[in-house]
Amino acid sequence: MRILMTLFLSGALMVIGCGDDDSGGGATGGTGGTGGAGATGGAGATGGAGATGGMGATGGGGSSLSATVTWAPIGGCDPDEPSDYEVVISVENAVGDVTILGNVNGCSPGVLDALVNTVGCPNIRPYLSDVQVEDDTGLVDIEFTVEVCGSGSESS
């Protein structure tokens, strides 16, 4: 009976002891695992370094990308007579690849997709226009109006 009682108590203590070891070890393992998750979170912090790319966007908004659009008729121009306009997009402080996309509504072709563009307008009304310039740090949007036989410029 003593042997059974000893085995029973020993088994109970082992179970309790193992439970303590497991919970302590499990907690430590859990903490270690959490630390591992923290390390993964650290990798998330590397994703946060991707947010440094976002910081580049902050740099883009704060100091880098800027653009100016300048337009003028090419040669002579008479109201109600079609003429060509040169639309020039100047980009400063760009980082990486630059994409230009815009249009001069009512002119043909009205697409602006290069640094120097030629569009033909019928010269019957003002032409609302828009151009977006994008680089690796961000985007600037410039709205402007091409007046009949007029020239001008607009900056971001």
# chains A, B, ... in the order shown; residues from 1 in each chain; ligands from 1
call {"tool": "residues_around", "arguments": {"residues": "Ile100 (chain A)", "least_positions_apart": "3", "cutoff": "6 Å", "atoms": "only C-alpha atoms", "output": "PyMOL selection string"}}
result
chain A and resi 113+132-133
call {"tool": "residues_around", "arguments": {"residues": "Cys149 (chain A)", "least_positions_apart": "2", "cutoff": "12 Å", "atoms": "only C-alpha atoms", "output": "number ranges by chain"}}
result
A: 71-86, 120-127, 145-147, 151-152
call {"tool": "closest_residue", "arguments": {"among": "A:Gly150, A:Gly138, A:Gly96, A:Pro109", "to": "Thr70 (chain A)", "atoms": "only C-alpha atoms"}}
result
A:Gly150
call {"tool": "residues_around", "arguments": {"residues": "Val69 (chain A)", "least_positions_apart": "3", "cutoff": "8 Å", "atoms": "only C-alpha atoms", "output": "ChimeraX atom specification"}}
result
/A:87-90,142,153-155
call {"tool": "write_last_selection", "arguments": {"atoms": "N, CA and C atoms", "output": "compact mmCIF listing (two decimals), in the first residue's frame"}}
result
# COMPACT_ATOMS: atom_id res chain seq x y z
N VAL A 87 3.02 72.68 -75.17
CA VAL A 87 2.85 72.55 -73.72
C VAL A 87 4.12 71.86 -73.19
N VAL A 88 4.86 72.60 -72.36
CA VAL A 88 6.13 72.10 -71.84
C VAL A 88 5.97 71.85 -70.34
N ILE A 89 6.40 70.68 -69.90
CA ILE A 89 6.34 70.32 -68.49
C ILE A 89 7.77 70.23 -67.98
N SER A 90 8.10 71.09 -67.03
CA SER A 90 9.43 71.09 -66.41
C SER A 90 9.32 70.42 -65.05
N ILE A 142 -1.31 69.48 -61.38
CA ILE A 142 -1.39 70.90 -61.76
C ILE A 142 -2.58 71.09 -62.67
N SER A 153 1.81 79.98 -67.54
CA SER A 153 2.44 78.88 -66.83
C SER A 153 1.76 78.71 -65.47
N GLU A 154 1.91 77.51 -64.94
CA GLU A 154 1.35 77.16 -63.64
C GLU A 154 2.31 76.19 -62.99
N SER A 155 2.54 76.37 -61.69
CA SER A 155 3.48 75.52 -60.95
C SER A 155 2.79 74.77 -59.83
call {"tool": "atom_distance", "arguments": {"atom1": "CA of Asp130 (chain A)", "atom2": "CA of Asn103 (chain A)"}}
result
5.7 Å
call {"tool": "atom_distance", "arguments": {"atom1": "CA of Ser66 (chain A)", "atom2": "CA of Val148 (chain A)"}}
result
26.7 Å
call {"tool": "closest_residue", "arguments": {"among": "A:Glu134, A:Thr68, A:Ser156, A:Glu143", "to": "Thr99 (chain A)", "atoms": "only C-alpha atoms"}}
result
A:Glu134
